[in-house]
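Engineer: The following block contains the structure, expressed as structure tokens.
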Amino acid sequence: MVSGPDHYEKAEQLLSDAEATDIGSDLERYRLAAAQVHATLALAAATALNDHDPKGEGMRASDLRAWITVAGEDEDERKQQ
């Protein structure tokens with residue numbers, strides 16, 4: 001099973017790959033469409049996890065750490081890890 005943060009990372013990678021592709025090509029369109037799907041799945045996961053606690057206190061600490069790791073730091077810092 002792919003996690004929300006995994007979908008987020010995949011969307012970022014596909015967008016980066018699309019930038020390196022010929023503009024208007026079938027491959028660029030595929031990568032952009034796939035990036036949109038992964039971004040949507042990441043958003044759905046983050047939204048669902050944020051409503052985890054019946055008291056409305058947000059997502060579990062382990063899930064929050066995973067999101068901070070993938071989306072909370074500067075992109076250049078993540079690439080250096």
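Each chain in the structure tokens gets a letter, A, B, ..., in the order shown, and its residues are numbered from 1; ligands are numbered from 1 in order too.
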If you run DSSP on the backbone here, which positions in chain A get alpha helix (DSSP H)? Please write them as a ChimeraX atom specification.
Structural biologist: /A:4-19,26-50,61-67,75-80
Engineer: Would you pick out the contacts of Ala48 of chain A at 10 Å or less, using only C-alpha atoms, so that residues sharing its chain but fewer than 6 positions from it are not included, and give the list as a ChimeraX atom specification?
Structural biologist: /A:4,42,58-59
Engineer: Pick the closest to Ser16 of chain A from A:Leu32, A:Ala44, A:Leu49, A:Ala39: which is it, counting only C-alpha atoms?
Structural biologist: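 For Ser16 of chain A, the nearest of the candidates is A:Leu32.
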Engineer: List as a VMD selection string the protein and nucleic acid residues near Arg29 of chain A, meaning an atom at most 12 Å away when only C-alpha atoms are counted, but skip any in the same chain fewer than 5 places from it.
Structural biologist: chain A and resid 14 to 15 17 to 19 21 to 24 34 to 36
Engineer: Any idea what's packed within 9 Å of His38 of chain A, counting only C-alpha atoms, ignoring anything in its chain fewer than 4 positions away? Could you give it as a list in words?
Structural biologist: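 What passes the distance filter is Gly4, Asp6, His7, Tyr8, Glu9, Lys10, Ala11, Glu12, Ala33, Ala34, Ala42 and Leu43 of chain A.
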Engineer: Could the residues in this selection be saved with N, CA and C atoms as a short mmCIF file (atom, residue, chain, number, x, y, z; two decimals), in the first residue's frame?
Structural biologist:
```
data_model
loop_
_atom_site.label_atom_id
_atom_site.label_comp_id
_atom_site.auth_asym_id
_atom_site.auth_seq_id
_atom_site.Cartn_x
_atom_site.Cartn_y
_atom_site.Cartn_z
N GLY A 4 0.23 8.36 1.93
CA GLY A 4 0.03 9.72 1.46
C GLY A 4 1.35 10.43 1.15
N ASP A 6 4.11 9.08 0.33
CA ASP A 6 4.67 8.45 -0.88
C ASP A 6 4.03 9.03 -2.14
N HIS A 7 2.71 9.23 -2.09
CA HIS A 7 2.02 9.83 -3.23
C HIS A 7 2.53 11.26 -3.47
N TYR A 8 2.75 11.99 -2.39
CA TYR A 8 3.25 13.37 -2.49
C TYR A 8 4.61 13.38 -3.19
N GLU A 9 5.51 12.51 -2.74
CA GLU A 9 6.84 12.44 -3.35
C GLU A 9 6.77 12.04 -4.82
N LYS A 10 5.89 11.10 -5.13
CA LYS A 10 5.76 10.65 -6.52
C LYS A 10 5.24 11.79 -7.39
N ALA A 11 4.29 12.56 -6.89
CA ALA A 11 3.77 13.71 -7.65
C ALA A 11 4.89 14.71 -7.92
N GLU A 12 5.70 15.00 -6.91
CA GLU A 12 6.82 15.92 -7.11
C GLU A 12 7.80 15.39 -8.15
N ALA A 33 -0.49 14.16 -15.97
CA ALA A 33 -1.72 13.51 -15.51
C ALA A 33 -1.45 12.59 -14.32
N ALA A 34 -0.38 11.82 -14.40
CA ALA A 34 -0.03 10.93 -13.29
C ALA A 34 0.32 11.73 -12.04
N ALA A 42 -2.56 12.05 -2.38
CA ALA A 42 -1.85 12.59 -1.21
C ALA A 42 -2.77 13.51 -0.41
N LEU A 43 -3.51 14.35 -1.11
CA LEU A 43 -4.44 15.26 -0.44
C LEU A 43 -5.53 14.49 0.30
#
```
